[in-house]
file protein.cif (mmCIF, C-alpha atoms)
data_start
#
loop_
_atom_site.label_atom_id
_atom_site.label_comp_id
_atom_site.auth_asym_id
_atom_site.auth_seq_id
_atom_site.Cartn_x
_atom_site.Cartn_y
_atom_site.Cartn_z
CA MET A 22 2.39 6.11 -22.89
CA LYS A 23 3.43 6.75 -19.28
CA ILE A 24 3.13 4.13 -16.57
CA LYS A 25 0.09 4.87 -14.42
CA MET A 26 0.11 4.78 -10.65
CA ASN A 27 -2.34 2.64 -8.72
CA GLU A 28 -5.74 4.36 -9.03
CA GLY A 29 -6.38 3.48 -5.39
CA PHE A 30 -4.13 6.35 -4.30
CA LYS A 31 -6.77 8.79 -5.53
CA ARG A 32 -9.19 7.36 -2.97
CA LEU A 33 -6.95 7.92 0.03
CA LYS A 34 -8.12 10.64 2.39
CA GLY A 35 -5.11 12.97 2.58
CA ASN A 36 -2.06 11.99 4.60
CA TYR A 37 -2.00 9.31 7.25
CA VAL A 38 -3.38 11.05 10.35
CA PHE A 39 -0.54 10.13 12.70
CA ALA A 40 2.10 11.29 10.21
CA ASP A 41 0.46 14.73 10.18
CA ILE A 42 0.37 14.85 13.97
CA ARG A 43 4.04 13.88 14.29
CA LYS A 44 4.91 16.66 11.85
CA LYS A 45 2.96 19.25 13.89
CA ILE A 46 4.62 18.07 17.10
CA ALA A 47 8.07 18.32 15.52
CA GLU A 48 7.33 21.84 14.25
CA LYS A 49 6.17 23.04 17.68
CA GLU A 50 9.54 22.18 19.26
CA SER A 51 8.19 22.39 22.80
CA LYS A 52 9.71 20.34 25.60
CA ASN A 53 6.54 20.79 27.64
CA LEU A 54 4.20 19.32 25.01
CA ILE A 55 2.43 16.11 26.08
CA ASP A 56 1.58 13.68 23.31
CA LEU A 57 -1.70 11.82 23.91
CA SER A 58 -2.27 11.21 20.21
CA VAL A 59 -0.39 8.19 18.87
CA GLY A 60 -1.20 5.05 20.83
CA ASP A 61 2.38 3.98 21.48
CA ALA A 62 3.64 1.80 24.31
CA ALA A 63 5.04 3.77 27.25
CA TYR A 64 6.60 1.01 29.34
CA PRO A 65 9.47 -1.31 28.34
CA ILE A 66 9.15 -4.96 27.42
CA ALA A 67 9.18 -7.47 30.28
CA LYS A 68 12.58 -8.65 31.52
CA VAL A 69 11.69 -12.20 30.57
CA VAL A 70 11.14 -10.98 27.00
CA GLY A 71 14.44 -9.11 26.88
CA GLU A 72 16.30 -12.11 28.27
CA ALA A 73 14.71 -14.41 25.71
CA MET A 74 15.69 -12.08 22.87
CA LYS A 75 19.27 -11.77 24.17
CA LYS A 76 19.56 -15.55 24.33
CA ALA A 77 18.16 -15.82 20.81
CA ALA A 78 20.66 -13.21 19.59
CA ASP A 79 23.49 -15.26 21.06
CA GLU A 80 22.16 -18.32 19.24
CA MET A 81 22.13 -16.37 15.99
CA SER A 82 25.83 -15.56 16.40
CA GLY A 83 26.81 -19.16 17.17
CA GLU A 84 26.31 -22.70 15.97
CA ASN A 85 22.52 -22.45 16.41
CA PHE A 86 22.21 -19.75 13.76
CA LYS A 87 18.80 -19.70 12.08
CA GLY A 88 18.17 -18.65 8.48
CA TYR A 89 14.78 -17.98 6.95
CA PRO A 90 11.96 -18.65 9.44
CA PRO A 91 8.79 -20.53 8.44
CA ALA A 92 6.50 -18.03 6.68
CA SER A 93 3.65 -18.71 9.10
CA GLY A 94 5.79 -18.80 12.26
CA TYR A 95 8.00 -21.15 14.26
CA PRO A 96 6.24 -24.09 15.95
CA PHE A 97 7.41 -22.93 19.40
CA LEU A 98 5.56 -19.59 19.04
CA LYS A 99 2.47 -21.22 17.58
CA THR A 100 2.37 -23.50 20.63
CA ALA A 101 2.73 -20.48 22.95
CA ILE A 102 -0.16 -18.78 21.14
CA LYS A 103 -2.28 -21.92 21.42
CA ASN A 104 -1.57 -22.09 25.16
CA TYR A 105 -2.43 -18.39 25.52
CA TYR A 106 -5.88 -19.14 24.06
CA ILE A 107 -6.29 -22.22 26.24
CA ARG A 108 -5.80 -20.08 29.36
CA LYS A 109 -8.72 -17.99 28.11
CA GLY A 110 -10.88 -21.07 27.51
CA VAL A 111 -10.57 -21.04 23.71
CA GLU A 112 -9.32 -23.86 21.46
CA VAL A 113 -7.14 -22.89 18.49
CA SER A 114 -4.92 -25.22 16.48
CA GLU A 115 -1.29 -24.37 15.69
CA SER A 116 -2.03 -24.92 12.00
CA GLU A 117 -4.61 -22.10 12.14
CA VAL A 118 -2.13 -19.55 13.49
CA PHE A 119 -0.18 -17.28 11.13
CA VAL A 120 2.52 -15.21 12.83
CA SER A 121 3.02 -11.74 11.34
CA ASP A 122 4.81 -8.42 11.79
CA GLY A 123 1.65 -6.66 13.00
CA ALA A 124 -2.01 -5.87 12.42
CA LYS A 125 -1.47 -3.45 9.52
CA SER A 126 0.30 -6.11 7.48
CA ASP A 127 -2.40 -8.65 8.27
CA ILE A 128 -5.18 -6.27 7.24
CA LYS A 129 -3.46 -5.70 3.89
CA ARG A 130 -2.86 -9.40 3.24
CA ILE A 131 -6.38 -10.44 4.19
CA VAL A 132 -7.98 -7.81 1.96
CA GLU A 133 -5.82 -9.04 -0.91
CA LEU A 134 -7.02 -12.61 -0.39
CA PHE A 135 -10.43 -11.87 -1.82
CA GLY A 136 -11.57 -10.86 -5.29
CA ASP A 137 -14.22 -8.39 -6.41
CA LEU A 138 -16.36 -7.80 -3.34
CA THR A 139 -17.53 -5.00 -1.07
CA VAL A 140 -15.49 -4.19 2.04
CA THR A 141 -17.70 -2.89 4.86
CA ILE A 142 -16.07 -0.60 7.40
CA PHE A 143 -17.66 0.95 10.48
CA ALA A 144 -16.31 4.44 11.08
CA PRO A 145 -14.77 6.13 12.96
CA GLY A 146 -12.35 3.23 12.61
CA TYR A 147 -8.74 2.17 12.23
CA PRO A 148 -7.44 4.00 9.09
CA PRO A 149 -5.56 1.02 7.55
CA GLN A 150 -8.89 -0.76 7.09
CA TYR A 151 -9.92 1.85 4.55
CA ASP A 152 -6.48 2.55 3.10
CA CYS A 153 -5.67 -1.10 2.39
CA ALA A 154 -9.08 -1.69 0.77
CA ALA A 155 -8.71 1.48 -1.34
CA LEU A 156 -5.21 0.60 -2.50
CA ASN A 157 -6.49 -2.84 -3.45
CA ASN A 158 -9.24 -1.13 -5.51
CA LYS A 159 -12.05 -2.77 -3.57
CA LYS A 160 -15.57 -1.43 -3.37
CA ILE A 161 -15.93 0.19 0.04
CA GLU A 162 -19.03 0.77 2.14
CA ILE A 163 -18.54 3.04 5.16
CA ILE A 164 -21.21 2.90 7.87
CA ASP A 165 -21.68 5.70 10.40
CA LEU A 166 -21.02 4.38 13.91
CA SER A 167 -22.19 7.59 15.58
CA LYS A 168 -25.80 6.64 14.85
CA ASP A 169 -25.48 3.63 17.18
CA LEU A 170 -23.39 5.02 20.06
CA PHE A 171 -20.24 3.90 18.25
CA VAL A 172 -21.08 0.19 18.40
CA PRO A 173 -21.46 -1.68 15.06
CA ASN A 174 -25.06 -2.54 14.13
CA VAL A 175 -25.59 -5.46 11.76
CA ASN A 176 -29.00 -4.08 10.76
CA ARG A 177 -27.22 -1.33 8.82
CA VAL A 178 -25.57 -3.85 6.49
CA SER A 179 -27.42 -4.87 3.33
CA GLU A 180 -27.67 -8.59 2.60
CA LYS A 181 -25.02 -9.62 0.11
CA PRO A 182 -21.59 -11.29 0.36
CA ARG A 183 -18.95 -8.92 1.70
CA LEU A 184 -15.86 -8.57 3.86
CA ILE A 185 -16.73 -6.91 7.17
CA PHE A 186 -14.22 -5.25 9.51
CA LEU A 187 -14.99 -5.27 13.23
CA CYS A 188 -12.71 -4.00 15.99
CA SER A 189 -13.28 -4.64 19.69
CA PRO A 190 -12.37 -2.84 21.85
CA SER A 191 -12.68 -0.17 19.19
CA ASN A 192 -9.81 1.95 18.02
CA PRO A 193 -10.58 4.87 18.28
CA CYS A 194 -13.93 4.81 20.06
CA GLY A 195 -13.10 2.57 23.03
CA THR A 196 -16.42 0.75 22.76
CA VAL A 197 -16.70 -3.02 23.10
CA ILE A 198 -18.76 -5.46 21.04
CA SER A 199 -20.86 -7.79 23.20
CA LYS A 200 -21.26 -11.49 22.52
CA ALA A 201 -24.88 -10.88 21.48
CA VAL A 202 -23.89 -8.22 18.93
CA LEU A 203 -21.12 -10.41 17.53
CA LYS A 204 -23.54 -13.35 17.26
CA GLY A 205 -25.73 -11.15 15.07
CA PHE A 206 -22.82 -10.50 12.72
CA VAL A 207 -21.84 -14.17 12.66
CA ASP A 208 -25.41 -15.19 11.77
CA TYR A 209 -25.44 -12.53 9.05
CA ALA A 210 -22.11 -13.73 7.63
CA LEU A 211 -23.23 -17.36 7.55
CA LYS A 212 -26.49 -16.40 5.87
CA THR A 213 -24.86 -14.22 3.19
CA SER A 214 -21.58 -16.13 2.71
CA SER A 215 -19.68 -13.10 4.03
CA MET A 216 -16.36 -12.97 5.88
CA ILE A 217 -15.57 -11.05 9.06
CA VAL A 218 -12.13 -9.69 9.95
CA TYR A 219 -12.16 -9.25 13.72
CA ASP A 220 -9.43 -6.99 15.12
CA SER A 221 -8.74 -8.08 18.71
CA ALA A 222 -5.60 -6.00 19.23
CA TYR A 223 -6.94 -4.63 22.54
CA ALA A 224 -8.86 -7.67 23.78
CA ASP A 225 -6.67 -8.02 26.87
CA TYR A 226 -7.97 -4.66 28.07
CA ILE A 227 -11.50 -6.04 28.50
CA GLY A 228 -12.27 -6.42 32.20
CA ILE A 229 -13.42 -9.62 33.85
CA ASP A 230 -16.68 -8.01 34.99
CA TYR A 231 -17.61 -7.12 31.42
CA LEU A 232 -16.70 -10.60 30.19
CA LYS A 233 -18.91 -12.15 32.85
CA SER A 234 -21.81 -9.89 31.90
CA GLY A 235 -21.91 -10.78 28.22
CA GLY A 236 -18.59 -9.66 26.80
CA VAL A 237 -16.36 -11.65 24.50
CA PHE A 238 -12.59 -12.05 24.65
CA CYS A 239 -12.26 -14.00 21.42
CA PRO A 240 -14.72 -14.23 18.50
CA TYR A 241 -14.52 -18.02 18.52
CA GLU A 242 -16.51 -18.04 21.76
CA VAL A 243 -19.53 -17.43 19.52
CA ASP A 244 -21.18 -20.41 17.79
CA GLY A 245 -20.51 -20.43 14.06
CA ALA A 246 -17.64 -17.93 14.20
CA ARG A 247 -15.08 -20.47 13.08
CA LYS A 248 -16.91 -20.69 9.75
CA CYS A 249 -16.76 -16.97 8.96
CA VAL A 250 -14.27 -15.05 11.16
CA ILE A 251 -10.57 -14.31 10.75
CA GLU A 252 -9.12 -12.90 13.95
CA ILE A 253 -6.19 -10.47 14.09
CA ARG A 254 -4.13 -10.03 17.26
CA SER A 255 -1.12 -7.91 18.11
CA LEU A 256 1.51 -7.81 20.85
CA SER A 257 2.00 -4.05 20.41
CA LYS A 258 -0.29 -2.81 23.19
CA PHE A 259 -0.25 -6.11 25.07
CA ALA A 260 3.51 -6.56 25.53
CA SER A 261 5.05 -3.21 24.41
CA PHE A 262 6.00 -4.62 21.00
CA THR A 263 5.34 -1.39 19.07
CA GLY A 264 9.04 -1.16 18.23
CA ILE A 265 9.56 -4.90 17.82
CA ARG A 266 6.59 -5.84 15.61
CA CYS A 267 4.86 -9.15 16.10
CA GLY A 268 1.29 -10.37 15.99
CA TRP A 269 -0.75 -13.10 14.39
CA SER A 270 -3.93 -13.99 12.58
CA VAL A 271 -6.14 -17.00 13.19
CA VAL A 272 -7.67 -18.52 10.05
CA PRO A 273 -9.87 -21.43 11.19
CA SER A 274 -9.82 -24.67 9.22
CA GLU A 275 -13.63 -24.45 8.86
CA LEU A 276 -13.35 -21.19 6.91
CA VAL A 277 -14.14 -22.24 3.35
CA THR A 278 -14.97 -20.36 0.15
CA GLY A 279 -15.28 -21.70 -3.38
CA GLY A 280 -14.86 -25.19 -2.01
CA MET A 281 -11.36 -24.43 -0.67
CA ARG A 282 -10.02 -23.57 2.75
CA VAL A 283 -9.10 -19.91 3.14
CA SER A 284 -6.07 -21.00 5.21
CA ASP A 285 -4.69 -22.81 2.14
CA PHE A 286 -4.92 -19.60 0.11
CA TYR A 287 -3.32 -17.66 2.96
CA THR A 288 -0.48 -20.15 3.27
CA ARG A 289 0.20 -19.86 -0.45
CA LYS A 290 0.09 -16.06 -0.31
CA LEU A 291 2.52 -15.84 2.61
CA SER A 292 4.98 -18.20 0.95
CA SER A 293 5.05 -15.88 -2.09
CA GLU A 294 5.51 -12.51 -0.41
CA PHE A 295 6.62 -12.90 3.21
CA ASN A 296 9.82 -14.38 4.61
CA GLY A 297 8.41 -14.54 8.11
CA VAL A 298 9.12 -12.79 11.42
CA GLY A 299 12.72 -13.04 12.62
CA TYR A 300 13.78 -15.72 15.10
CA ILE A 301 14.84 -13.23 17.78
CA VAL A 302 11.47 -11.47 17.69
CA GLN A 303 9.55 -14.76 17.80
CA ARG A 304 11.50 -15.92 20.86
CA GLY A 305 10.61 -12.61 22.49
CA ALA A 306 6.95 -13.12 21.57
CA GLU A 307 7.03 -16.61 23.04
CA ALA A 308 8.29 -15.16 26.33
CA ALA A 309 5.67 -12.40 26.25
CA LEU A 310 2.96 -15.06 26.07
CA SER A 311 4.40 -17.10 28.92
CA THR A 312 2.74 -16.94 32.33
CA GLU A 313 5.47 -14.59 33.58
CA GLY A 314 5.25 -12.40 30.51
CA GLU A 315 1.48 -12.18 30.68
CA GLU A 316 1.56 -11.23 34.37
CA TYR A 317 3.87 -8.33 33.55
CA SER A 318 1.58 -7.23 30.73
CA LYS A 319 -1.42 -7.26 33.06
CA ILE A 320 0.35 -4.84 35.41
CA ILE A 321 1.07 -2.40 32.57
CA ILE A 322 -2.41 -2.76 31.07
CA ASN A 323 -3.96 -1.97 34.45
CA ILE A 324 -1.91 1.24 34.63
CA TYR A 325 -3.22 2.30 31.22
CA LEU A 326 -6.77 1.41 32.28
CA ASP A 327 -6.39 3.43 35.50
CA ASN A 328 -5.33 6.38 33.34
CA ALA A 329 -8.44 5.96 31.18
CA TYR A 330 -10.70 5.64 34.21
CA SER A 331 -9.29 8.87 35.71
CA LEU A 332 -9.87 10.74 32.46
CA ALA A 333 -13.39 9.37 32.17
CA LYS A 334 -14.09 10.50 35.73
CA LEU A 335 -12.93 14.03 34.86
CA LEU A 336 -15.05 14.20 31.71
CA LYS A 337 -18.13 13.03 33.63
CA THR A 338 -17.74 15.80 36.18
CA ARG A 339 -17.47 18.32 33.32
CA GLY A 340 -20.51 16.96 31.51
CA VAL A 341 -18.51 16.04 28.41
CA LYS A 342 -19.96 13.38 26.10
CA PHE A 343 -17.44 10.56 25.63
CA PHE A 344 -17.02 6.86 24.88
CA GLY A 345 -14.46 4.42 26.22
CA GLY A 346 -12.73 5.01 29.54
CA GLU A 347 -13.06 1.36 30.54
CA ASN A 348 -12.13 -1.89 28.81
CA SER A 349 -9.96 0.22 26.49
CA PRO A 350 -6.91 2.53 26.64
CA TYR A 351 -8.72 5.15 24.55
CA VAL A 352 -11.30 7.85 25.27
CA PHE A 353 -13.27 9.31 22.36
CA PHE A 354 -14.85 12.62 23.36
CA GLU A 355 -17.09 15.19 21.75
CA LYS A 356 -15.75 18.72 21.66
CA PRO A 357 -17.51 20.88 24.29
CA LEU A 358 -19.67 23.69 22.91
CA SER A 359 -17.71 26.15 25.06
CA TRP A 360 -14.67 25.64 22.81
CA GLY A 361 -16.47 27.40 19.98
CA LYS A 362 -15.67 26.74 16.33
CA ILE A 363 -12.02 25.83 16.86
CA ALA A 364 -11.22 22.15 16.27
CA ALA A 365 -10.57 19.97 19.32
CA PHE A 366 -7.01 19.20 18.23
CA ASP A 367 -6.14 22.86 17.67
CA TYR A 368 -7.75 23.96 20.93
CA LEU A 369 -5.78 21.50 23.09
CA PHE A 370 -2.58 21.68 21.06
CA ASN A 371 -2.22 25.45 20.74
CA LYS A 372 -3.70 26.55 24.05
CA PHE A 373 -2.67 23.77 26.42
CA GLY A 374 0.25 21.97 24.75
CA ILE A 375 -1.51 18.60 24.54
CA ALA A 376 -1.68 16.61 21.31
CA VAL A 377 -4.69 14.36 20.71
CA THR A 378 -5.95 12.72 17.51
CA PRO A 379 -8.71 14.45 15.52
CA GLY A 380 -11.77 12.26 15.16
CA GLU A 381 -12.02 12.94 11.43
CA GLY A 382 -8.65 11.21 11.00
CA PHE A 383 -10.32 7.86 11.67
CA ILE A 384 -11.78 7.34 8.19
CA ALA A 385 -15.10 9.24 8.55
CA PHE A 386 -17.86 10.53 10.86
CA GLY A 387 -15.50 11.78 13.56
CA LYS A 388 -16.12 15.50 13.14
CA ASP A 389 -16.24 17.37 16.46
CA TYR A 390 -14.69 14.33 18.21
CA ALA A 391 -11.12 13.52 19.21
CA ARG A 392 -9.32 10.50 20.65
CA ILE A 393 -7.16 10.68 23.74
CA SER A 394 -4.64 7.88 24.19
CA CYS A 395 -4.12 6.80 27.79
CA LEU A 396 -1.08 4.69 26.90
CA LYS A 397 1.26 6.77 29.03
CA ARG A 398 3.36 6.33 32.15
CA LYS A 399 1.23 7.06 35.16
CA GLU A 400 3.15 10.15 36.26
CA GLU A 401 3.12 11.72 32.80
CA PHE A 402 -0.57 11.01 32.29
CA PHE A 403 -1.54 12.60 35.59
CA LYS A 404 0.48 15.66 34.64
CA ALA A 405 -1.63 15.81 31.49
CA LEU A 406 -4.77 15.28 33.54
CA ARG A 407 -4.04 18.39 35.63
CA ILE A 408 -3.82 20.38 32.41
CA LEU A 409 -6.97 18.81 30.98
CA GLU A 410 -8.84 19.86 34.11
CA LYS A 411 -8.24 23.45 33.01
CA ALA A 412 -9.09 22.73 29.38
CA PHE A 413 -12.47 21.14 30.10
#
call {"tool": "encode", "arguments": {"input": "protein.cif", "output": "structure tokens"}}
result
Amino acid sequence: MKIKMNEGFKRLKGNYVFADIRKKIAEKESKNLIDLSVGDAAYPIAKVVGEAMKKAADEMSGENFKGYPPASGYPFLKTAIKNYYIRKGVEVSESEVFVSDGAKSDIKRIVELFGDLTVTIFAPGYPPQYDCAALNNKKIEIIDLSKDLFVPNVNRVSEKPRLIFLCSPSNPCGTVISKAVLKGFVDYALKTSSMIVYDSAYADYIGIDYLKSGGVFCPYEVDGARKCVIEIRSLSKFASFTGIRCGWSVVPSELVTGGMRVSDFYTRKLSSEFNGVGYIVQRGAEAALSTEGEEYSKIIINIYLDNAYSLAKLLKTRGVKFFGGENSPYVFFEKPLSWGKIAAFDYLFNKFGIAVTPGEGFIAFGKDYARISCLKRKEEFFKALRILEKAF
């Protein structure tokens, strides 16, 4: 008898969308091609971050060498994360913070925490949500976001215990979940003994005006959330850590299932399979979350948001249906009828030399849509904008 592969691989939907796009870009071999597909950081890390990492590297080559880090993160970074939340008016304990190498890893580990249950995913959505659940052989329910203007609707979820993925601002749709909508999900989770995984990777892109008018920066601003929500955060699009890899999850002490704290299970899981994020990276993350580091990040984030606003303005003038364009570095647009039957990616890629991400690559329900990433240097993005003016 031959060893069988994980049956979950049969449930995966083709190749990972960004791997396919990178392959097409490499095959085109065009110096003039502009890549607005993969949401990668365009600006370097802050100087204060680089200096902190250099200092840490010097320590590692001297008497202050560090070996294995704590699986859940060094105390100095946990304190920096706590202070980051305090500046936003949110209380989080260091013991509730679990430092990681990024959101993908956290999604996988959190899915694996739970046994035989249904994982509910709103799509279009972040592909690892589906892939990690499929590879863990979980039951998966996919709910069509397009029926609700790409904002999750709790009324579409049947009442039984489940693990629910939410992402705000949404990747790929650019939409933001209001405090009222999140409260509905929290009430649902408490009523049904469900858990919510809340992906806040782009929360720092939410504008002050939206927050004042009913937006939410952190899920724990909602009453009851600490009893049912695990939050995931990333420094990738906040501090240009896409090539460095660092983020964290918050697992509140009030989160209990089967009479035991979920954080206890998570601690045990990490100690078994994860040797922690390296010291040099964690010192860099600490600097990124300092006042100086955050001020630098705000400057870069505002450039990305200006890019998105300019694109949204163009699409409005052309009468193109789209979502995002504010509070998010992404714009999710519907292919204009004038483009005919050709797919949005092919139309822009082959005719105008611009790569975007096909909407159908985001799990499901993205047909005839595409995502444009505005995470580009200002000059390069405005070069793309001049081309997009001709395309639309």
call {"tool": "atom_distance", "arguments": {"input": "protein.cif", "atom1": "CA of Gly29 in chain A", "atom2": "CA of Ile185 in chain A"}}
result
19.3 Å
call {"tool": "resolve_selection", "arguments": {"input": "protein.cif", "expression": "the PyMOL selection byres ((chain A and resi 372) around 12)", "output": "list in words"}}
result
Leu54, Trp360, Ile363, Ala364, Ala365, Phe366, Asp367, Tyr368, Leu369, Phe370, Asn371, Phe373, Gly374, Ile375, Ala376, Ile408, Leu409, Lys411, Ala412 and Phe413 of chain A
call {"tool": "residues_around", "arguments": {"input": "protein.cif", "residues": "Tyr330 in chain A", "least_positions_apart": "5", "cutoff": "10 Å", "atoms": "all atoms listed in the file", "output": "ChimeraX atom specification"}}
result
/A:324-325,335-336,345-352,395
call {"tool": "write_last_selection", "arguments": {"input": "protein.cif", "atoms": "C-alpha atoms", "output": "PDB file, in the coordinates of the input"}}
result
ATOM      1  CA  ILE A 324      -1.910   1.240  34.630  1.00  0.00           C
ATOM      2  CA  TYR A 325      -3.220   2.300  31.220  1.00  0.00           C
ATOM      3  CA  LEU A 335     -12.930  14.030  34.860  1.00  0.00           C
ATOM      4  CA  LEU A 336     -15.050  14.200  31.710  1.00  0.00           C
ATOM      5  CA  GLY A 345     -14.460   4.420  26.220  1.00  0.00           C
ATOM      6  CA  GLY A 346     -12.730   5.010  29.540  1.00  0.00           C
ATOM      7  CA  GLU A 347     -13.060   1.360  30.540  1.00  0.00           C
ATOM      8  CA  ASN A 348     -12.130  -1.890  28.810  1.00  0.00           C
ATOM      9  CA  SER A 349      -9.960   0.220  26.490  1.00  0.00           C
ATOM     10  CA  PRO A 350      -6.910   2.530  26.640  1.00  0.00           C
ATOM     11  CA  TYR A 351      -8.720   5.150  24.550  1.00  0.00           C
ATOM     12  CA  VAL A 352     -11.300   7.850  25.270  1.00  0.00           C
ATOM     13  CA  CYS A 395      -4.120   6.800  27.790  1.00  0.00           C
TER      14      CYS A 395
END
call {"tool": "closest_residue", "arguments": {"input": "protein.cif", "among": "A:Arg304, A:Lys337, A:Lys159, A:Arg254", "to": "Gly71 in chain A", "atoms": "all atoms listed in the file"}}
result
A:Arg304
call {"tool": "residues_near_point", "arguments": {"input": "protein.cif", "point": "(-26.7, -2.6, 3.0)", "cutoff": "12 Å", "atoms": "all atoms listed in the file", "output": "list in words"}}
result
Thr139, Val140, Thr141, Ile142, Ile161, Glu162, Ile163, Ile164, Asn174, Val175, Asn176, Arg177, Val178, Ser179, Glu180, Lys181, Pro182, Arg183, Ile185, Tyr209 and Thr213 of chain A
call {"tool": "closest_atom_pairs", "arguments": {"input": "protein.cif", "of": "range 263-374 of chain A", "to": "range 81-94 of chain A", "cutoff": "6 Å", "atoms": "only C-alpha atoms", "output": "CSV"}}
result
residue,atom,partner,partner_atom,distance
A:Ser292,CA,A:Ala92,CA,5.9
A:Asn296,CA,A:Ala92,CA,5.4
A:Gly297,CA,A:Ala92,CA,4.2
call {"tool": "atom_distance", "arguments": {"input": "protein.cif", "atom1": "CA of Val243 in chain A", "atom2": "CA of Ser189 in chain A"}}
result
14.2 Å
call {"tool": "closest_atom_pairs", "arguments": {"input": "protein.cif", "of": "range 217-321 of chain A", "to": "range 123-126 of chain A", "cutoff": "8 Å", "atoms": "all atoms listed in the file", "output": "JSON lines"}}
result
{"residue": "A:Asp220", "atom": "CA", "partner": "A:Ala124", "partner_atom": "CA", "distance": 8.0}
{"residue": "A:Ala222", "atom": "CA", "partner": "A:Ala124", "partner_atom": "CA", "distance": 7.7}
{"residue": "A:Ile253", "atom": "CA", "partner": "A:Ala124", "partner_atom": "CA", "distance": 6.4}
{"residue": "A:Arg254", "atom": "CA", "partner": "A:Ala124", "partner_atom": "CA", "distance": 6.7}
{"residue": "A:Ser255", "atom": "CA", "partner": "A:Gly123", "partner_atom": "CA", "distance": 5.9}
{"residue": "A:Leu256", "atom": "CA", "partner": "A:Gly123", "partner_atom": "CA", "distance": 7.9}
{"residue": "A:Ser257", "atom": "CA", "partner": "A:Gly123", "partner_atom": "CA", "distance": 7.9}
{"residue": "A:Arg266", "atom": "CA", "partner": "A:Gly123", "partner_atom": "CA", "distance": 5.6}
{"residue": "A:Cys267", "atom": "CA", "partner": "A:Gly123", "partner_atom": "CA", "distance": 5.1}
{"residue": "A:Gly268", "atom": "CA", "partner": "A:Gly123", "partner_atom": "CA", "distance": 4.8}
{"residue": "A:Trp269", "atom": "CA", "partner": "A:Gly123", "partner_atom": "CA", "distance": 7.0}
call {"tool": "atom_distance", "arguments": {"input": "protein.cif", "atom1": "CA of Lys109 in chain A", "atom2": "CA of Tyr219 in chain A"}}
result
17.2 Å
call {"tool": "resolve_selection", "arguments": {"input": "protein.cif", "expression": "the PyMOL selection byres ((chain A and resi 144-147) around 6)", "output": "ChimeraX atom specification"}}
result
/A:143,148-150,165-166,192,383-387
call {"tool": "resolve_selection", "arguments": {"input": "protein.cif", "expression": "the PyMOL selection byres ((chain A and resi 354) around 8)", "output": "list of chain:residue names"}}
result
A:Val341, A:Lys342, A:Phe343, A:Phe344, A:Val352, A:Phe353, A:Glu355, A:Lys356, A:Tyr390, A:Ala391, A:Arg392, A:Ile393
call {"tool": "axis_aligned_box", "arguments": {"input": "protein.cif", "around": "range 194-208 of chain A", "padding_each_side": "6 Å", "output": "AutoDock Vina command-line options"}}
result
--center_x -19.4 --center_y -5.2 --center_z 17.5 --size_x 24.6 --size_y 32.0 --size_z 23.4
